[in-house]
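Here is the file entry.tsv (TSV, C-alpha atoms and all ligand atoms).
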```
chain	number	residue	atom	x	y	z
A	1	MET	CA	-48.43	-35.94	-30.67
A	2	LYS	CA	-50.13	-35.42	-33.99
A	3	ILE	CA	-47.98	-37.04	-36.67
A	4	GLY	CA	-48.47	-36.08	-40.31
A	5	ILE	CA	-47.37	-38.48	-43.02
A	6	LEU	CA	-46.85	-37.40	-46.64
A	7	GLY	CA	-48.32	-40.43	-48.40
A	8	ALA	CA	-50.99	-42.92	-47.37
A	9	GLY	CA	-49.69	-46.28	-48.58
A	10	GLN	CA	-48.81	-49.42	-46.64
A	11	LEU	CA	-45.77	-47.85	-44.96
A	12	GLY	CA	-47.91	-45.02	-43.54
A	13	ARG	CA	-50.52	-47.58	-42.53
A	14	MET	CA	-47.99	-49.66	-40.58
A	15	MET	CA	-46.43	-46.55	-38.98
A	16	ALA	CA	-49.86	-45.55	-37.68
A	17	ILE	CA	-50.66	-49.06	-36.42
A	18	SER	CA	-47.40	-49.02	-34.45
A	19	GLY	CA	-47.87	-45.45	-33.19
A	20	TYR	CA	-51.37	-45.60	-31.68
A	21	PRO	CA	-50.27	-47.52	-28.55
A	22	LEU	CA	-47.82	-44.65	-27.91
A	23	ASN	CA	-50.82	-42.27	-27.84
A	24	HIS	CA	-50.00	-40.56	-31.11
A	25	GLN	CA	-52.60	-39.45	-33.64
A	26	PHE	CA	-52.09	-39.66	-37.39
A	27	GLY	CA	-52.94	-37.68	-40.49
A	28	PHE	CA	-52.05	-38.52	-44.09
A	29	SER	CA	-51.90	-36.70	-47.39
A	30	GLY	CA	-52.62	-38.58	-50.59
A	31	ASN	CA	-54.39	-38.40	-53.89
A	32	GLY	CA	-57.62	-40.09	-52.91
A	33	ASN	CA	-59.62	-41.55	-50.03
A	34	ASN	CA	-59.10	-45.13	-51.08
A	35	GLU	CA	-55.49	-45.72	-50.04
A	36	PRO	CA	-54.06	-48.27	-47.57
A	37	ALA	CA	-53.81	-45.71	-44.73
A	38	SER	CA	-56.89	-43.57	-45.46
A	39	LEU	CA	-59.08	-45.09	-42.77
A	40	LEU	CA	-56.31	-45.10	-40.14
A	41	GLY	CA	-56.39	-41.41	-39.34
A	42	HIS	CA	-57.32	-38.00	-40.70
A	43	MET	CA	-57.09	-38.18	-44.48
A	44	PHE	CA	-56.20	-35.00	-46.36
A	45	ALA	CA	-56.82	-35.93	-49.99
A	46	LEU	CA	-56.15	-34.06	-53.20
A	47	GLU	CA	-59.50	-35.33	-54.53
A	48	ASP	CA	-61.21	-33.25	-51.81
A	49	THR	CA	-59.09	-30.11	-51.76
A	50	ALA	CA	-56.09	-28.70	-53.56
A	51	ASP	CA	-54.61	-27.41	-50.26
A	52	HIS	CA	-54.56	-30.90	-48.73
A	53	ILE	CA	-50.83	-30.59	-47.86
A	54	GLU	CA	-51.42	-27.29	-46.01
A	55	SER	CA	-54.28	-28.93	-44.11
A	56	LEU	CA	-51.98	-31.79	-43.09
A	57	VAL	CA	-49.31	-29.29	-41.98
A	58	ALA	CA	-51.90	-27.36	-39.92
A	59	PHE	CA	-52.91	-30.66	-38.26
A	60	ALA	CA	-49.42	-31.99	-37.47
A	61	ASP	CA	-46.85	-31.43	-34.70
A	62	VAL	CA	-44.23	-33.26	-36.79
A	63	ILE	CA	-44.17	-34.51	-40.38
A	64	THR	CA	-42.56	-37.55	-41.97
A	65	TYR	CA	-42.86	-39.14	-45.41
A	66	GLU	CA	-43.21	-42.56	-46.98
A	67	SER	CA	-41.07	-42.13	-50.06
A	68	GLU	CA	-37.67	-40.79	-51.10
A	69	ASN	CA	-39.46	-39.39	-54.16
A	70	THR	CA	-41.15	-36.73	-52.01
A	71	ASP	CA	-40.72	-33.24	-53.50
A	72	VAL	CA	-37.74	-31.47	-51.86
A	73	ALA	CA	-39.08	-27.94	-52.50
A	74	ALA	CA	-42.38	-28.87	-50.83
A	75	VAL	CA	-40.54	-30.30	-47.80
A	76	LYS	CA	-38.39	-27.14	-47.50
A	77	GLU	CA	-41.58	-25.06	-47.49
A	78	ILE	CA	-43.25	-27.30	-44.88
A	79	SER	CA	-40.13	-27.16	-42.68
A	80	LYS	CA	-40.69	-23.40	-42.16
A	81	ASN	CA	-43.81	-24.26	-40.14
A	82	VAL	CA	-43.26	-27.70	-38.63
A	83	ALA	CA	-40.33	-30.08	-38.18
A	84	VAL	CA	-39.91	-32.67	-40.95
A	85	TYR	CA	-37.92	-35.84	-40.22
A	86	PRO	CA	-35.83	-37.17	-41.89
A	87	GLY	CA	-34.62	-33.71	-42.90
A	88	VAL	CA	-34.02	-32.17	-46.31
A	89	LYS	CA	-30.40	-33.35	-46.54
A	90	SER	CA	-31.43	-37.01	-46.23
A	91	LEU	CA	-34.26	-36.59	-48.75
A	92	PHE	CA	-32.23	-34.59	-51.28
A	93	THR	CA	-29.34	-37.08	-51.21
A	94	THR	CA	-31.26	-40.35	-51.26
A	95	GLN	CA	-33.71	-39.45	-54.04
A	96	HIS	CA	-30.96	-39.19	-56.64
A	97	ARG	CA	-28.65	-42.13	-57.39
A	98	GLY	CA	-25.83	-39.84	-58.51
A	99	ARG	CA	-25.89	-37.75	-55.33
A	100	GLU	CA	-26.22	-40.88	-53.20
A	101	LYS	CA	-23.19	-42.50	-54.85
A	102	ALA	CA	-21.16	-39.28	-54.58
A	103	LEU	CA	-21.80	-39.32	-50.82
A	104	PHE	CA	-20.69	-42.97	-50.56
A	105	ASP	CA	-17.45	-42.01	-52.36
A	106	GLN	CA	-16.92	-38.94	-50.18
A	107	LEU	CA	-17.28	-41.06	-47.03
A	108	ASN	CA	-15.13	-43.93	-48.38
A	109	ILE	CA	-18.05	-46.36	-48.33
A	110	PRO	CA	-17.50	-49.03	-51.02
A	111	CYS	CA	-20.13	-49.13	-53.76
A	112	ALA	CA	-20.33	-50.28	-57.40
A	113	PRO	CA	-18.23	-48.14	-59.77
A	114	TYR	CA	-20.46	-45.70	-61.66
A	115	GLN	CA	-20.58	-42.91	-64.22
A	116	ARG	CA	-23.19	-40.22	-64.67
A	117	VAL	CA	-24.97	-40.47	-68.04
A	118	ASN	CA	-27.01	-37.74	-69.73
A	119	SER	CA	-26.78	-38.71	-73.40
A	120	GLU	CA	-26.05	-41.66	-75.68
A	121	GLN	CA	-22.52	-40.30	-76.13
A	122	ASP	CA	-22.07	-40.25	-72.32
A	123	LEU	CA	-23.25	-43.86	-72.25
A	124	ILE	CA	-20.71	-44.93	-74.90
A	125	GLU	CA	-17.93	-43.30	-72.87
A	126	ALA	CA	-19.22	-44.77	-69.59
A	127	VAL	CA	-19.23	-48.27	-71.12
A	128	ASN	CA	-15.61	-47.70	-72.18
A	129	VAL	CA	-14.68	-46.81	-68.60
A	130	LEU	CA	-16.68	-49.49	-66.74
A	131	GLY	CA	-16.81	-52.33	-69.26
A	132	LEU	CA	-19.75	-54.75	-69.61
A	133	PRO	CA	-21.99	-56.09	-68.22
A	134	ALA	CA	-23.22	-52.90	-66.60
A	135	ILE	CA	-26.60	-51.58	-65.48
A	136	LEU	CA	-28.06	-48.31	-66.70
A	137	LYS	CA	-30.34	-46.88	-63.99
A	138	ILE	CA	-32.58	-43.83	-64.03
A	139	ALA	CA	-31.23	-41.34	-61.44
A	140	THR	CA	-34.58	-40.63	-59.75
A	141	GLU	CA	-37.96	-42.32	-59.22
A	142	GLY	CA	-36.88	-45.95	-59.87
A	143	TYR	CA	-38.27	-48.74	-57.67
A	144	ASP	CA	-38.72	-52.53	-57.79
A	145	GLY	CA	-36.07	-52.70	-60.53
A	146	LYS	CA	-38.04	-50.32	-62.81
A	147	GLY	CA	-36.07	-47.80	-64.88
A	148	GLN	CA	-33.10	-50.16	-65.27
A	149	PHE	CA	-31.44	-51.75	-68.30
A	150	LEU	CA	-28.83	-54.49	-67.99
A	151	ILE	CA	-26.40	-54.03	-70.88
A	152	HIS	CA	-24.58	-57.21	-71.94
A	153	ASN	CA	-23.00	-56.06	-75.19
A	154	GLU	CA	-22.24	-52.87	-77.08
A	155	ASN	CA	-25.04	-53.44	-79.61
A	156	GLN	CA	-27.53	-52.71	-76.83
A	157	ILE	CA	-26.26	-49.21	-76.04
A	158	GLY	CA	-28.76	-47.41	-78.32
A	159	GLU	CA	-31.69	-49.46	-77.03
A	160	ALA	CA	-30.61	-48.95	-73.41
A	161	TRP	CA	-30.35	-45.17	-73.76
A	162	ALA	CA	-33.70	-44.99	-75.62
A	163	SER	CA	-35.37	-46.82	-72.72
A	164	MET	CA	-34.41	-43.95	-70.37
A	165	ASN	CA	-36.44	-41.38	-72.38
A	166	ASP	CA	-33.59	-38.85	-72.04
A	167	ALA	CA	-33.79	-38.94	-68.24
A	168	GLU	CA	-30.68	-38.28	-66.15
A	169	SER	CA	-29.15	-41.69	-65.43
A	170	ILE	CA	-26.13	-43.49	-64.07
A	171	LEU	CA	-24.27	-46.50	-65.42
A	172	GLU	CA	-23.16	-48.94	-62.72
A	173	GLY	CA	-20.60	-51.68	-63.07
A	174	PHE	CA	-22.15	-55.13	-62.52
A	175	VAL	CA	-21.35	-56.51	-59.05
A	176	SER	CA	-21.15	-60.29	-58.88
A	177	PHE	CA	-22.51	-60.77	-55.40
A	178	LYS	CA	-22.96	-63.84	-53.22
A	179	ARG	CA	-26.01	-62.50	-51.40
A	180	GLU	CA	-28.02	-59.32	-51.09
A	181	LEU	CA	-28.26	-57.94	-47.56
A	182	SER	CA	-29.77	-54.89	-45.96
A	183	LEU	CA	-29.21	-53.01	-42.74
A	184	ILE	CA	-31.88	-50.96	-41.01
A	185	ALA	CA	-31.02	-48.47	-38.30
A	186	VAL	CA	-32.70	-45.62	-36.48
A	187	ARG	CA	-31.28	-42.37	-35.14
A	188	GLY	CA	-33.08	-40.23	-32.59
A	189	ILE	CA	-33.29	-36.45	-32.26
A	190	ASP	CA	-30.91	-36.86	-29.27
A	191	ASN	CA	-28.35	-38.62	-31.55
A	192	ASP	CA	-28.96	-42.08	-30.10
A	193	HIS	CA	-28.44	-44.89	-32.67
A	194	LYS	CA	-29.87	-48.40	-32.82
A	195	TYR	CA	-29.23	-51.11	-35.41
A	196	TYR	CA	-31.16	-54.18	-36.48
A	197	PRO	CA	-29.21	-57.27	-37.54
A	198	LEU	CA	-28.27	-57.62	-41.20
A	199	VAL	CA	-30.95	-59.50	-43.15
A	200	GLU	CA	-30.78	-61.44	-46.41
A	201	ASN	CA	-33.07	-60.39	-49.28
A	202	ILE	CA	-34.13	-62.60	-52.18
A	203	HIS	CA	-35.57	-60.83	-55.25
A	204	HIS	CA	-37.41	-62.19	-58.29
A	205	ASN	CA	-37.83	-60.02	-61.41
A	206	GLY	CA	-36.57	-57.01	-59.43
A	207	ILE	CA	-39.15	-57.40	-56.64
A	208	LEU	CA	-38.31	-58.44	-53.07
A	209	ARG	CA	-39.99	-61.78	-52.34
A	210	LEU	CA	-38.33	-63.16	-49.20
A	211	THR	CA	-36.30	-61.74	-46.31
A	212	ILE	CA	-34.43	-63.95	-43.84
A	213	ALA	CA	-33.76	-62.20	-40.53
A	214	PRO	CA	-31.14	-62.23	-39.22
A	215	ALA	CA	-29.14	-63.26	-42.30
A	216	GLN	CA	-27.44	-66.56	-41.50
A	217	ASN	CA	-23.67	-66.96	-41.16
A	218	ILE	CA	-22.80	-63.30	-40.74
A	219	ASP	CA	-19.47	-62.75	-39.07
A	220	SER	CA	-19.67	-60.18	-36.27
A	221	ALA	CA	-16.99	-58.17	-38.12
A	222	VAL	CA	-19.31	-57.93	-41.15
A	223	GLN	CA	-22.18	-56.65	-38.99
A	224	ALA	CA	-19.76	-54.15	-37.42
A	225	THR	CA	-18.58	-52.94	-40.83
A	226	ALA	CA	-22.16	-52.43	-42.03
A	227	GLU	CA	-22.97	-50.54	-38.83
A	228	ARG	CA	-19.92	-48.34	-39.32
A	229	TYR	CA	-21.06	-47.39	-42.84
A	230	MET	CA	-24.53	-46.76	-41.47
A	231	LYS	CA	-23.35	-44.58	-38.59
A	232	THR	CA	-21.20	-42.51	-40.95
A	233	LEU	CA	-24.22	-41.89	-43.21
A	234	LEU	CA	-26.65	-41.18	-40.36
A	235	ASP	CA	-24.31	-38.64	-38.80
A	236	GLU	CA	-23.27	-37.01	-42.09
A	237	MET	CA	-26.90	-36.40	-43.09
A	238	ASP	CA	-27.94	-35.55	-39.50
A	239	HIS	CA	-30.62	-38.15	-40.15
A	240	VAL	CA	-33.56	-38.55	-37.75
A	241	GLY	CA	-35.74	-41.66	-38.16
A	242	VAL	CA	-35.12	-44.98	-39.87
A	243	LEU	CA	-32.49	-45.31	-42.61
A	244	THR	CA	-32.05	-48.44	-44.73
A	245	ILE	CA	-28.99	-49.43	-46.71
A	246	GLU	CA	-29.05	-52.24	-49.28
A	247	LEU	CA	-25.75	-54.10	-49.62
A	248	PHE	CA	-24.07	-56.68	-51.81
A	249	GLU	CA	-22.02	-59.36	-50.05
A	250	THR	CA	-19.07	-60.14	-52.34
A	251	ASP	CA	-15.84	-62.10	-52.12
A	252	ASN	CA	-14.14	-58.78	-51.34
A	253	GLY	CA	-16.52	-57.76	-48.56
A	254	LEU	CA	-19.54	-55.49	-48.53
A	255	ALA	CA	-20.50	-52.96	-51.19
A	256	VAL	CA	-23.42	-50.59	-50.68
A	257	ASN	CA	-26.09	-50.68	-53.41
A	258	GLU	CA	-28.47	-47.90	-52.39
A	259	MET	CA	-30.19	-46.37	-49.38
A	260	ALA	CA	-33.69	-45.27	-48.43
A	261	PRO	CA	-34.58	-42.59	-45.83
A	262	ARG	CA	-37.47	-44.60	-44.47
A	263	VAL	CA	-38.89	-47.82	-43.16
A	264	HIS	CA	-38.22	-50.53	-45.71
A	265	ASN	CA	-39.84	-53.71	-47.02
A	266	SER	CA	-36.82	-55.70	-45.79
A	267	GLY	CA	-37.66	-54.56	-42.23
A	268	HIS	CA	-41.28	-55.74	-42.14
A	269	TRP	CA	-40.18	-58.91	-40.29
A	270	SER	CA	-39.48	-56.72	-37.24
A	271	ILE	CA	-43.22	-56.28	-36.46
A	272	GLU	CA	-43.27	-59.65	-34.66
A	273	GLY	CA	-39.59	-60.51	-35.05
A	274	ALA	CA	-37.95	-57.76	-32.98
A	275	ASN	CA	-38.57	-56.25	-29.55
A	276	THR	CA	-39.40	-52.94	-31.25
A	277	SER	CA	-40.45	-52.84	-34.91
A	278	GLN	CA	-38.86	-50.53	-37.48
A	279	PHE	CA	-42.21	-48.70	-37.68
A	280	GLU	CA	-42.43	-48.04	-33.94
A	281	ASN	CA	-38.79	-46.99	-33.83
A	282	HIS	CA	-39.29	-44.53	-36.69
A	283	ILE	CA	-42.27	-43.02	-34.87
A	284	ARG	CA	-40.35	-42.93	-31.57
A	285	ALA	CA	-37.42	-41.19	-33.28
A	286	ILE	CA	-39.39	-38.45	-35.03
A	287	SER	CA	-41.54	-37.77	-31.95
A	288	GLY	CA	-38.52	-37.40	-29.65
A	289	MET	CA	-39.15	-40.56	-27.61
A	290	PRO	CA	-36.37	-42.92	-26.46
A	291	LEU	CA	-35.56	-45.52	-29.14
A	292	GLY	CA	-36.71	-49.10	-28.56
A	293	ASP	CA	-34.61	-52.24	-28.31
A	294	THR	CA	-33.92	-53.80	-31.72
A	295	THR	CA	-33.03	-57.33	-30.55
A	296	PRO	CA	-34.86	-60.11	-32.45
A	297	THR	CA	-37.56	-61.91	-30.47
A	298	HIS	CA	-36.67	-65.19	-32.22
A	299	ALA	CA	-33.39	-66.55	-33.55
A	300	PHE	CA	-34.97	-67.24	-36.98
A	301	ASN	CA	-37.44	-64.97	-38.76
A	302	ALA	CA	-38.65	-64.53	-42.30
A	303	MET	CA	-40.91	-62.24	-44.30
A	304	ILE	CA	-42.71	-63.36	-47.45
A	305	ASN	CA	-44.21	-60.66	-49.68
A	306	ILE	CA	-47.71	-61.21	-51.09
A	307	ILE	CA	-47.41	-59.97	-54.67
A	308	GLY	CA	-50.12	-59.48	-57.30
A	309	LYS	CA	-52.72	-61.93	-55.93
A	310	THR	CA	-53.80	-62.34	-52.30
A	311	GLY	CA	-53.50	-66.13	-52.56
A	312	PRO	CA	-54.32	-68.88	-50.05
A	313	ILE	CA	-54.12	-66.77	-46.89
A	314	ASP	CA	-55.88	-69.44	-44.78
A	315	ILE	CA	-52.67	-71.47	-44.89
A	316	ALA	CA	-50.92	-68.58	-43.13
A	317	LEU	CA	-53.80	-67.96	-40.73
A	318	LYS	CA	-53.65	-71.59	-39.56
A	319	LEU	CA	-49.89	-71.62	-38.96
A	320	PRO	CA	-49.21	-70.75	-35.31
A	321	ASN	CA	-45.92	-68.98	-36.06
A	322	ALA	CA	-47.12	-67.02	-39.13
A	323	HIS	CA	-48.49	-63.48	-38.96
A	324	LEU	CA	-50.54	-62.07	-41.82
A	325	HIS	CA	-50.41	-58.38	-42.76
A	326	LEU	CA	-52.64	-57.17	-45.60
A	327	TYR	CA	-52.62	-53.59	-46.86
A	328	ASP	CA	-56.23	-53.21	-48.10
A	329	LYS	CA	-55.11	-53.00	-51.75
A	330	SER	CA	-56.79	-54.52	-54.80
A	331	GLU	CA	-55.05	-57.24	-56.79
A	332	ARG	CA	-52.84	-56.16	-59.68
A	333	ALA	CA	-49.80	-57.79	-61.28
A	334	ASP	CA	-46.55	-57.11	-59.36
A	335	ARG	CA	-48.33	-55.05	-56.69
A	336	LYS	CA	-47.32	-55.45	-53.02
A	337	LEU	CA	-50.59	-56.45	-51.34
A	338	GLY	CA	-49.29	-57.65	-48.00
A	339	HIS	CA	-46.73	-59.84	-46.31
A	340	ILE	CA	-46.48	-62.82	-43.96
A	341	ASN	CA	-44.02	-62.80	-41.09
A	342	ILE	CA	-42.69	-66.08	-39.72
A	343	THR	CA	-41.05	-66.48	-36.33
A	344	ALA	CA	-39.12	-69.67	-35.50
A	345	ASN	CA	-36.77	-71.10	-32.93
A	346	SER	CA	-34.69	-73.23	-35.28
A	347	GLN	CA	-33.52	-73.26	-38.87
A	348	ALA	CA	-35.55	-76.43	-39.45
A	349	GLU	CA	-38.74	-74.83	-38.13
A	350	LEU	CA	-38.16	-71.75	-40.29
A	351	GLU	CA	-37.58	-73.82	-43.44
A	352	ALA	CA	-40.64	-76.02	-42.78
A	353	SER	CA	-42.81	-72.91	-42.31
A	354	ILE	CA	-41.52	-71.26	-45.49
A	355	ASP	CA	-42.22	-74.52	-47.32
A	356	LYS	CA	-45.84	-74.51	-46.11
A	357	LEU	CA	-46.18	-70.99	-47.55
A	358	LYS	CA	-44.45	-71.77	-50.85
A	359	ASP	CA	-47.61	-70.85	-52.84
A	360	PHE	CA	-46.74	-67.22	-52.05
A	361	LEU	CA	-43.25	-67.51	-53.53
A	362	PRO	CA	-42.20	-67.69	-57.18
A	363	LYS	CA	-41.69	-71.26	-58.43
A	401	LIG	N1	-24.56	-52.91	-59.82
A	401	LIG	C1	-25.31	-54.02	-59.72
A	401	LIG	N2	-24.75	-55.25	-59.95
A	401	LIG	C2	-25.51	-56.36	-59.87
A	401	LIG	N3	-26.83	-56.39	-59.59
A	401	LIG	C3	-27.43	-55.22	-59.36
A	401	LIG	C4	-26.71	-53.97	-59.40
A	401	LIG	N4	-27.57	-52.97	-59.13
A	401	LIG	C5	-28.77	-53.55	-58.91
A	401	LIG	N5	-28.71	-54.89	-59.05
A	401	LIG	C6	-29.84	-55.83	-58.87
A	401	LIG	O1	-31.06	-55.17	-59.18
A	401	LIG	C7	-31.88	-55.03	-58.02
A	401	LIG	C8	-32.59	-53.70	-58.03
A	401	LIG	O2	-31.63	-52.65	-58.05
A	401	LIG	P1	-31.80	-51.34	-57.14
A	401	LIG	O3	-31.87	-51.75	-55.73
A	401	LIG	O4	-30.75	-50.38	-57.52
A	401	LIG	O5	-33.18	-50.81	-57.71
A	401	LIG	P2	-34.56	-50.38	-57.13
A	401	LIG	O6	-35.46	-50.30	-58.29
A	401	LIG	O7	-34.39	-49.16	-56.31
A	401	LIG	O8	-34.98	-51.58	-56.24
A	401	LIG	P3	-35.87	-51.63	-54.91
A	401	LIG	O9	-36.97	-50.64	-55.07
A	401	LIG	O10	-36.37	-53.05	-54.91
A	401	LIG	O11	-34.93	-51.37	-53.80
A	401	LIG	C9	-30.92	-55.21	-56.86
A	401	LIG	O12	-31.62	-55.62	-55.70
A	401	LIG	C10	-29.96	-56.26	-57.43
A	401	LIG	O13	-30.55	-57.54	-57.39
A	402	MG	MG	-33.00	-51.63	-54.21
```

I need this file expressed as C-alpha cells, please.
Amino acid sequence: MKIGILGAGQLGRMMAISGYPLNHQFGFSGNGNNEPASLLGHMFALEDTADHIESLVAFADVITYESENTDVAAVKEISKNVAVYPGVKSLFTTQHRGREKALFDQLNIPCAPYQRVNSEQDLIEAVNVLGLPAILKIATEGYDGKGQFLIHNENQIGEAWASMNDAESILEGFVSFKRELSLIAVRGIDNDHKYYPLVENIHHNGILRLTIAPAQNIDSAVQATAERYMKTLLDEMDHVGVLTIELFETDNGLAVNEMAPRVHNSGHWSIEGANTSQFENHIRAISGMPLGDTTPTHAFNAMINIIGKTGPIDIALKLPNAHLHLYDKSERADRKLGHINITANSQAELEASIDKLKDFLPK
C-alpha cells in the first residue's frame, strides 16, 4: 500500500523504516525538504508547491499523521477522498485538553480535577475551586511541558494568566504522584486490540529523558486497570492505530494525565524491545493487516533520549545491548535528536548499561 503521512519528523521516519519490510511505500507532507523523513519516501513539501497536501492525498491509499495538532478541518476534507486513521473523533478529542478531560469524566476514567479557564477572572474562580498548587495549561498545542504554569500562591495568578496570551486554557489540580507511567495500545480496523506493558517515564524540565520498559513492580491488577481505561477510550473513539495514555501512579491508584493519538516517545523502546514495535503495529493497523505480538523481547528494557547535543555516541555503538537511533536533525537546545534503546536480561545488566550511558542523561 501507499501510506501518506501528514508530517515528516522522526515519528514519520520511524513509521516508514518499520513499514518497508511489509512492502508498503511512503509519502510525507511537510514544510521543507530537510526534515527527518524527507529522504525516506516521496516528499510533498510546501516549499515546492502550495498544493503539497493534495499531492500527498493523490499519492496515498491511506493517510495517517504524526501529531495531535493536525488541522481537523483539513483531515475532514482529506477523508472525503481517502481513509484517514486515526479518525476525526480521535484527533478532535485529543488535540484539546478540555475535550480530552471531558471524555475521561464521561467514561469514569480518573484524572486530575480541572476547570476550564478563558480569562483572569475564570482563573481566580478556578483557583478557589481547586486550591493550590495547580497547573495552568494551554488547551491546545502544548508539548514537552511548554504552555504550562505551575501556580504555588495566589500572587502568581496575574503572571500565570498573562503567560497564556489569552489562549483557552485549563487549570489542573496538582497530583502528587509516585511515578509517571504510560500505556501504549493499538486497535485494528477489525477491532482487534493489543497492549504493551506499562512503562515508567522519567522527565527533566518537562522533557522525557528515560523510559524503563516494562515498569518494574507493577501489579497485574494495575496493568489490567490501565488496559480497561485504554479499551474504553479506543472503543469510544472508534480509534484505529496506536493510542498512548500517560498516567500518574498515586497512593490512590492510577489517574490519567493525557493521551496522544499516535506513536509516542515512551514507546520507542519497542523497536528492539518488543516482538512488534509500536511503529510497525501502527502501520499494520492503518493498512488493515493483522496486529503483531506486543510481548517484550527482553525482561528489562530502557530508552534514553538524546536531547540538544548528539553526545558521545561511540559509547552506545560499542555496547552490545545498546541500539542507536538518530533522526538526522541538527543540534539545538532541548531538541529530540535521537534515542538509545537498551535491552537486558537482568535488572543489574540494565542498570550497568544505563550507567555507561549516563553522559546522555541530566546530572
Ligand atoms: N496535574 C499535574 N500534577 C502534577 N504534575 C503534573 C500535572 N500535569 C502535568 N504534570 C507534570 O508535567 C509534565 C508535562 O505535563 P503534560 O504531559 O500535561 O504536558 P505536555 O507538554 O503535553 O508533555 P509531553 O509533550 O511531554 O507529553 C508531566 O509529565 C508531569 O511530570
Ligand atoms: Mg505529557

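Using all atoms listed in the file, the smallest distance between any of A:Leu150, A:Tyr229, A:Met289, A:Arg99 and Asn191 of chain A comes from A:Met289.
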
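Neighbours of Thr250 of chain A closer than or equal to 9 Å, with all atoms listed in the file counted and sequence neighbours fewer than 3 positions away skipped, come out as Val175, Ser176, Phe177, Lys178, Arg179, Gly253, Leu254 and Ala255 of chain A.
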
Please produce a file of those selected residues containing C-alpha atoms, as an mmCIF file, in the frame of the given file.
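The resulting file, part.cif, is shown below:
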```cif
data_model
loop_
_atom_site.group_PDB
_atom_site.id
_atom_site.type_symbol
_atom_site.label_atom_id
_atom_site.label_comp_id
_atom_site.auth_asym_id
_atom_site.auth_seq_id
_atom_site.Cartn_x
_atom_site.Cartn_y
_atom_site.Cartn_z
ATOM 1 C CA VAL A 175 -21.350 -56.510 -59.050
ATOM 2 C CA SER A 176 -21.150 -60.290 -58.880
ATOM 3 C CA PHE A 177 -22.510 -60.770 -55.400
ATOM 4 C CA LYS A 178 -22.960 -63.840 -53.220
ATOM 5 C CA ARG A 179 -26.010 -62.500 -51.400
ATOM 6 C CA GLY A 253 -16.520 -57.760 -48.560
ATOM 7 C CA LEU A 254 -19.540 -55.490 -48.530
ATOM 8 C CA ALA A 255 -20.500 -52.960 -51.190
#
```

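Closest approach to ligand LIG 401 (chain A) from the set A:Ala16, A:Ala74, A:Leu233, A:Leu132 is made by A:Leu132, with distances taken over only C-alpha atoms and all ligand atoms.
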
Self-check item: Gap from atom CA of Ala112 of chain A to atom CA of Phe248 of chain A - Å, one decimal
Solution: 9.3 Å

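The shortest atom-to-atom distance to ligand MG 402 (chain A), with only C-alpha atoms and all ligand atoms taken into account, belongs to A:Ile207 out of A:Ile207, A:Ile307, A:Ala352, A:Ala215.
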
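The spacing separating atom CA of Glu172 of chain A from atom CA of Thr211 of chain A amounts to 24.6 Å.
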
Self-check item: Surrounding residues as a ChimeraX atom specification, ligand MG 402 (chain A), max 7 Å, only C-alpha atoms and all ligand atoms
Solution: /A:143-144,246,258

Kindly export the residues of the current selection with C-alpha atoms, as a PDB file, in the coordinates of the input.
```
ATOM      1  CA  TYR A 143     -38.270 -48.740 -57.670  1.00  0.00           C
ATOM      2  CA  ASP A 144     -38.720 -52.530 -57.790  1.00  0.00           C
ATOM      3  CA  GLU A 246     -29.050 -52.240 -49.280  1.00  0.00           C
ATOM      4  CA  GLU A 258     -28.470 -47.900 -52.390  1.00  0.00           C
TER       5      GLU A 258
END
```

Write out N, CA and C atoms for segment 311-322 of chain A, as a short mmCIF file (atom, residue, chain, number, x, y, z; two decimals), in the frame of the given file.
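What ended up in result.cif:
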```cif
data_model
loop_
_atom_site.label_atom_id
_atom_site.label_comp_id
_atom_site.auth_asym_id
_atom_site.auth_seq_id
_atom_site.Cartn_x
_atom_site.Cartn_y
_atom_site.Cartn_z
N GLY A 311 -53.94 -64.74 -52.75
CA GLY A 311 -53.50 -66.13 -52.56
C GLY A 311 -54.16 -66.81 -51.38
N PRO A 312 -53.67 -68.04 -51.06
CA PRO A 312 -54.32 -68.88 -50.05
C PRO A 312 -53.97 -68.46 -48.62
N ILE A 313 -54.54 -67.32 -48.18
CA ILE A 313 -54.12 -66.77 -46.89
C ILE A 313 -54.50 -67.65 -45.71
N ASP A 314 -55.50 -68.56 -45.90
CA ASP A 314 -55.88 -69.44 -44.78
C ASP A 314 -54.71 -70.31 -44.34
N ILE A 315 -53.84 -70.65 -45.27
CA ILE A 315 -52.67 -71.47 -44.89
C ILE A 315 -51.86 -70.70 -43.85
N ALA A 316 -51.68 -69.40 -44.09
CA ALA A 316 -50.92 -68.58 -43.13
C ALA A 316 -51.69 -68.40 -41.83
N LEU A 317 -53.01 -68.21 -41.94
CA LEU A 317 -53.80 -67.96 -40.73
C LEU A 317 -53.82 -69.18 -39.80
N LYS A 318 -53.63 -70.37 -40.38
CA LYS A 318 -53.65 -71.59 -39.56
C LYS A 318 -52.29 -71.95 -38.99
N LEU A 319 -51.24 -71.31 -39.47
CA LEU A 319 -49.89 -71.62 -38.96
C LEU A 319 -49.65 -70.83 -37.68
N PRO A 320 -49.32 -71.49 -36.57
CA PRO A 320 -49.21 -70.75 -35.31
C PRO A 320 -48.08 -69.70 -35.30
N ASN A 321 -47.06 -69.92 -36.10
CA ASN A 321 -45.92 -68.98 -36.06
C ASN A 321 -45.90 -68.05 -37.28
N ALA A 322 -47.05 -67.94 -37.99
CA ALA A 322 -47.12 -67.02 -39.13
C ALA A 322 -48.06 -65.87 -38.78
#
```
